[in-house]
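Structure file structure22.txt with compact mmCIF, C-alpha atoms:
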```
# COMPACT_ATOMS: atom_id res chain seq x y z
CA MET A 1 38.26 -145.91 -73.15
CA PHE A 2 36.01 -147.95 -75.43
CA GLN A 3 34.43 -146.31 -78.46
CA LEU A 4 32.51 -148.18 -81.15
CA VAL A 5 33.53 -147.16 -84.64
CA THR A 6 30.68 -147.59 -87.09
CA GLY A 7 30.48 -147.98 -90.85
CA LEU A 8 32.94 -149.76 -93.12
CA SER A 9 35.78 -148.18 -91.15
CA SER A 10 34.79 -150.43 -88.20
CA ILE A 11 35.98 -153.49 -90.15
CA PRO A 12 39.57 -154.37 -89.19
CA LEU A 13 42.05 -153.84 -92.02
CA ARG A 14 42.92 -157.54 -92.23
CA TYR A 15 39.30 -158.29 -93.21
CA CYS A 16 38.67 -155.37 -95.55
CA GLU A 17 39.33 -157.42 -98.68
CA ALA A 18 36.57 -159.90 -97.87
CA GLU A 19 33.99 -160.05 -100.63
CA PRO A 20 30.54 -158.94 -99.48
CA GLU A 21 28.39 -161.87 -98.37
CA ILE A 22 25.01 -160.90 -99.80
CA GLU A 23 23.14 -164.18 -99.21
CA LEU A 24 23.83 -164.31 -95.47
CA ALA A 25 23.33 -160.56 -95.11
CA ALA A 26 19.88 -161.02 -96.65
CA ARG A 27 19.07 -163.63 -93.96
CA LEU A 28 19.29 -160.84 -91.39
CA PHE A 29 16.40 -159.08 -93.11
CA GLU A 30 14.35 -162.27 -93.05
CA GLY A 31 14.33 -162.03 -89.25
CA PHE A 32 17.40 -164.10 -88.38
CA ASP A 33 20.51 -163.09 -86.53
CA LEU A 34 23.56 -165.20 -87.37
CA HIS A 35 25.92 -167.21 -85.17
CA ILE A 36 29.05 -168.30 -87.05
CA VAL A 37 30.83 -171.34 -85.63
CA GLY A 38 34.17 -172.77 -86.72
CA GLY A 39 37.65 -173.80 -85.69
CA ILE A 40 40.79 -171.71 -85.55
CA GLY A 41 41.42 -170.07 -88.91
CA SER A 42 38.15 -171.27 -90.44
CA GLY A 43 37.18 -167.75 -91.48
CA LYS A 44 34.64 -166.76 -88.81
CA SER A 45 35.85 -163.17 -88.45
CA THR A 46 36.25 -162.76 -92.20
CA MET A 47 32.72 -164.07 -92.73
CA ALA A 48 31.28 -161.70 -90.10
CA CYS A 49 32.95 -158.75 -91.85
CA ALA A 50 31.81 -159.99 -95.27
CA ILE A 51 28.25 -160.07 -93.93
CA LEU A 52 28.61 -156.47 -92.71
CA LYS A 53 29.83 -155.49 -96.18
CA GLY A 54 26.84 -157.32 -97.67
CA VAL A 55 24.52 -155.31 -95.41
CA VAL A 56 26.06 -152.08 -96.72
CA GLU A 57 25.47 -153.21 -100.31
CA LEU A 58 21.87 -154.23 -99.62
CA CYS A 59 20.89 -151.32 -97.36
CA PRO A 60 23.44 -148.49 -97.45
CA ASP A 61 21.38 -146.41 -95.01
CA LEU A 62 21.80 -148.91 -92.16
CA SER A 63 24.61 -148.44 -89.66
CA ILE A 64 27.04 -151.31 -89.06
CA GLY A 65 29.65 -151.95 -86.42
CA TYR A 66 32.26 -154.59 -85.62
CA ILE A 67 33.75 -155.30 -82.22
CA ASN A 68 35.93 -158.12 -81.02
CA ALA A 69 34.26 -159.33 -77.83
CA TYR A 70 37.67 -159.06 -76.17
CA ASP A 71 37.24 -155.28 -76.39
CA LEU A 72 34.06 -155.34 -74.30
CA HIS A 73 36.27 -155.23 -71.23
CA GLY A 74 37.07 -151.63 -72.25
CA ILE A 75 33.60 -150.59 -71.14
CA ARG A 76 33.72 -149.46 -67.55
CA ILE A 77 30.40 -149.99 -65.84
CA ASP A 78 31.23 -147.68 -62.96
CA GLN A 79 32.46 -144.69 -64.99
CA ASP A 80 30.50 -141.77 -66.40
CA GLY A 81 30.90 -142.81 -70.04
CA TYR A 82 29.12 -146.14 -69.50
CA ARG A 83 25.72 -145.15 -70.84
CA GLY A 84 27.06 -143.61 -74.03
CA GLN A 85 29.34 -146.56 -74.69
CA MET A 86 26.56 -149.09 -74.21
CA GLU A 87 24.15 -147.01 -76.29
CA ASP A 88 26.57 -147.30 -79.22
CA LEU A 89 26.35 -151.09 -78.99
CA PHE A 90 22.57 -151.02 -78.63
CA ASN A 91 21.85 -148.55 -81.42
CA VAL A 92 23.96 -149.65 -84.39
CA ASP A 93 21.61 -151.41 -86.86
CA VAL A 94 23.82 -154.46 -87.49
CA LEU A 95 26.55 -155.38 -85.02
CA ALA A 96 29.19 -158.09 -85.41
CA LEU A 97 30.38 -159.42 -82.03
CA ASP A 98 33.45 -161.48 -82.82
CA GLY A 99 34.69 -164.21 -80.47
CA ILE A 100 31.97 -164.30 -77.83
CA ASP A 101 33.51 -167.40 -76.23
CA ILE A 102 36.97 -166.04 -75.43
CA GLY A 103 38.65 -163.36 -73.39
CA LEU A 104 35.88 -161.26 -71.85
CA TYR A 105 37.84 -160.69 -68.61
CA GLY A 106 35.51 -161.30 -65.74
CA MET A 107 31.88 -160.89 -64.97
CA ASP A 108 31.62 -157.31 -66.28
CA GLY A 109 32.46 -158.41 -69.82
CA TYR A 110 29.96 -161.28 -69.73
CA ASN A 111 27.26 -159.09 -68.19
CA ILE A 112 27.82 -156.52 -70.94
CA LEU A 113 27.61 -159.25 -73.60
CA TYR A 114 24.32 -160.47 -72.14
CA ARG A 115 22.90 -156.94 -71.92
CA VAL A 116 23.86 -156.17 -75.50
CA LEU A 117 22.27 -159.37 -76.84
CA SER A 118 19.14 -158.90 -74.73
CA ARG A 119 18.61 -155.25 -75.50
CA ARG A 120 19.13 -155.52 -79.26
CA TYR A 121 16.53 -158.29 -79.70
CA PRO A 122 13.23 -156.55 -78.89
CA VAL A 123 14.04 -153.61 -81.16
CA ALA A 124 15.07 -155.80 -84.14
CA LYS A 125 18.71 -154.71 -84.17
CA HIS A 126 20.55 -157.54 -85.89
CA THR A 127 23.62 -159.18 -84.44
CA VAL A 128 26.23 -161.47 -85.99
CA THR A 129 28.19 -163.47 -83.39
CA THR A 130 31.19 -165.74 -83.87
CA SER A 131 32.65 -168.46 -81.67
CA PHE A 132 34.44 -171.78 -81.68
CA TYR A 133 31.43 -173.46 -80.09
CA ASP A 134 27.68 -173.84 -80.52
CA GLY A 135 24.86 -174.90 -78.23
CA ASP A 136 25.76 -177.00 -75.21
CA ASP A 137 29.47 -176.79 -76.00
CA LEU A 138 29.26 -172.99 -75.93
CA ALA A 139 27.35 -173.13 -72.63
CA ALA A 140 30.00 -175.43 -71.13
CA ARG A 141 32.82 -173.14 -72.28
CA LEU A 142 31.15 -169.98 -70.98
CA SER A 143 30.12 -171.57 -67.67
CA LYS A 144 33.81 -172.15 -66.87
CA GLN A 145 34.38 -168.43 -67.33
CA CYS A 146 31.27 -166.74 -65.95
CA GLY A 147 29.20 -169.36 -64.12
CA ALA A 148 26.43 -171.64 -65.30
CA GLU A 149 23.52 -169.22 -64.85
CA LEU A 150 24.94 -166.36 -66.89
CA ALA A 151 26.34 -168.80 -69.46
CA ARG A 152 22.89 -170.33 -69.97
CA ALA A 153 21.36 -166.86 -70.29
CA ILE A 154 23.89 -165.83 -72.97
CA VAL A 155 23.55 -169.11 -74.89
CA ASP A 156 19.75 -168.94 -74.70
CA ARG A 157 19.89 -165.47 -76.30
CA VAL A 158 22.21 -166.70 -79.05
CA ARG A 159 20.07 -169.79 -79.69
CA GLU A 160 16.78 -167.90 -79.63
CA LEU A 161 17.90 -165.11 -81.88
CA SER A 162 20.26 -166.76 -84.34
CA GLU A 163 20.56 -169.13 -87.22
CA THR A 164 23.85 -171.02 -86.95
CA VAL A 165 26.35 -171.09 -89.81
CA HIS A 166 29.05 -173.78 -89.48
CA LEU A 167 32.38 -173.22 -91.21
CA HIS A 168 34.46 -176.34 -91.79
CA GLY A 169 37.92 -176.93 -93.10
CA LEU A 170 41.55 -176.44 -92.31
CA ASP A 171 43.10 -173.40 -90.69
CA ARG A 172 43.29 -171.03 -93.66
CA ARG A 173 46.15 -169.00 -92.18
CA LEU A 174 48.25 -172.12 -91.64
CA GLN A 175 47.37 -173.40 -95.11
CA GLU A 176 48.39 -170.05 -96.69
CA ARG A 177 51.74 -170.14 -94.84
CA VAL A 178 52.43 -173.68 -96.11
CA GLU A 179 51.52 -172.68 -99.69
CA ARG A 180 53.87 -169.67 -99.54
CA ALA A 181 56.70 -171.84 -98.21
CA VAL A 182 56.42 -174.36 -101.07
CA PHE A 183 58.60 -173.37 -104.03
```

Written form, structure tokens:
Amino acid sequence: MFQLVTGLSSIPLRYCEAEPEIELAARLFEGFDLHIVGGIGSGKSTMACAILKGVVELCPDLSIGYINAYDLHGIRIDQDGYRGQMEDLFNVDVLALDGIDIGLYGMDGYNILYRVLSRRYPVAKHTVTTSFYDGDDLAARLSKQCGAELARAIVDRVRELSETVHLHGLDRRLQERVERAVF
């Protein structure tokens, strides 16, 4: 069963060493959500976690949470725990939704993603999203998975609510492996 872990303990161990990203965290408090776009290994997840750490440094009283969008499929719409599980996603002050363009397993996952994005907006709960794609490319990707109408609705929420941060460069993980292999 899905349960959102909040606070710094919600950040996956592999991203815990990320330095806090104060500048982008501050953008959240200027009224922007953030959508981080980049290729494989470009540092999207690390950046999302660094932003959460920056939020903690700037406003330690705010709650934060991280969830890989893949884990949204753990929420069961037809089971008793649904409301409590969704409330966790709605109520955390700053939520990082990592990988919104991959692996949501059917319409339930995409409907949950849309509901989370839509419900957080009117109450000024900030959201950091990550994906490989932005704009029309994101809509095209999602429409293959959940249909054009829901894809447009999700992308419209991301576009309306977010400032986009593009990460460029080589796959850091691959680059690190090559550097370790060189003697």

With a cut-off of 12 Å, could you pull out the residues of stretch 11-128 of chain A touching stretch 137-157 of chain A and give me the nearest pair of atoms for each, distance in Å to one decimal, using only C-alpha atoms, ordered by chain and ascending number, as a tab-separated table?
```
residue	atom	partner	partner_atom	distance
A:Asp33	CA	A:Arg157	CA	10.5
A:Leu34	CA	A:Arg157	CA	11.7
A:His35	CA	A:Val155	CA	10.7
A:Val37	CA	A:Leu138	CA	10.0
A:Gly38	CA	A:Leu138	CA	11.9
A:Gly99	CA	A:Leu138	CA	11.3
A:Ile100	CA	A:Leu142	CA	8.9
A:Asp101	CA	A:Leu142	CA	6.3
A:Ile102	CA	A:Leu142	CA	8.3
A:Gly103	CA	A:Gln145	CA	9.0
A:Leu104	CA	A:Gln145	CA	8.6
A:Tyr105	CA	A:Gln145	CA	8.6
A:Gly106	CA	A:Cys146	CA	6.9
A:Met107	CA	A:Cys146	CA	6.0
A:Asp108	CA	A:Cys146	CA	9.4
A:Gly109	CA	A:Cys146	CA	9.3
A:Tyr110	CA	A:Cys146	CA	6.8
A:Asn111	CA	A:Leu150	CA	7.7
A:Ile112	CA	A:Ile154	CA	10.3
A:Leu113	CA	A:Ile154	CA	7.6
A:Tyr114	CA	A:Ile154	CA	5.4
A:Arg115	CA	A:Ile154	CA	9.0
A:Val116	CA	A:Ile154	CA	10.0
A:Leu117	CA	A:Arg157	CA	6.6
A:Ser118	CA	A:Arg157	CA	6.8
A:Arg119	CA	A:Arg157	CA	10.3
A:Arg120	CA	A:Arg157	CA	10.4
A:Tyr121	CA	A:Arg157	CA	8.6
A:Pro122	CA	A:Arg157	CA	11.4
A:Thr127	CA	A:Arg157	CA	10.9
```

(request) Provide the atom CA of A:Met86 to atom CA of A:Lys125 distance in Å, to one decimal place. (result) 13.9 Å

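Going from atom CA of A:Pro20 to atom CA of A:Gly54 covers 4.4 Å.
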
Excluding A:Ile36 and its own-chain neighbours fewer than 5 positions away, which residues fall within 8 Å of it when counting all atoms listed in the file? Please give them as a PDB file with C-alpha atoms, keeping the file's coordinate frame.
```
ATOM      1  CA  LYS A  44      34.640-166.760 -88.810  1.00  0.00           C
ATOM      2  CA  MET A  47      32.720-164.070 -92.730  1.00  0.00           C
ATOM      3  CA  ALA A  48      31.280-161.700 -90.100  1.00  0.00           C
ATOM      4  CA  VAL A 128      26.230-161.470 -85.990  1.00  0.00           C
ATOM      5  CA  THR A 129      28.190-163.470 -83.390  1.00  0.00           C
ATOM      6  CA  THR A 130      31.190-165.740 -83.870  1.00  0.00           C
ATOM      7  CA  SER A 131      32.650-168.460 -81.670  1.00  0.00           C
ATOM      8  CA  THR A 164      23.850-171.020 -86.950  1.00  0.00           C
ATOM      9  CA  VAL A 165      26.350-171.090 -89.810  1.00  0.00           C
ATOM     10  CA  HIS A 166      29.050-173.780 -89.480  1.00  0.00           C
ATOM     11  CA  LEU A 167      32.380-173.220 -91.210  1.00  0.00           C
TER      12      LEU A 167
END
```

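Shortest atom-to-atom contact with A:Asp134 among A:Leu13, A:Leu62, A:Glu163, A:Val92: A:Glu163, counting all atoms listed in the file.
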
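Of note, atom CA of A:Leu8 and atom CA of A:Ile75 are spaced 22.0 Å apart.
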
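With all atoms listed in the file as the atoms that count, the minimum distance from A:Glu160 to the choices A:Glu87, A:Ile67, A:Pro12, A:Gly135 is reached by A:Gly135.
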
Six-sided padding of 4 Å per side, axis-aligned box over stretch 109-116 of chain A, centre and edges in Å, one decimal, as JSON:
```
{"center_x": 27.7, "center_y": -158.7, "center_z": -71.8, "size_x": 17.6, "size_y": 13.1, "size_z": 15.3}
```

(request) Find the residue from A:Arg159, A:Glu57, A:Tyr15, A:Ile51 that sits nearest to A:Leu28; use all atoms listed in the file when measuring. (result) A:Ile51

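Closest approach to A:Ala124 among A:Asp98, A:Phe32, A:Ile11, A:Leu72: A:Phe32, based on all atoms listed in the file.
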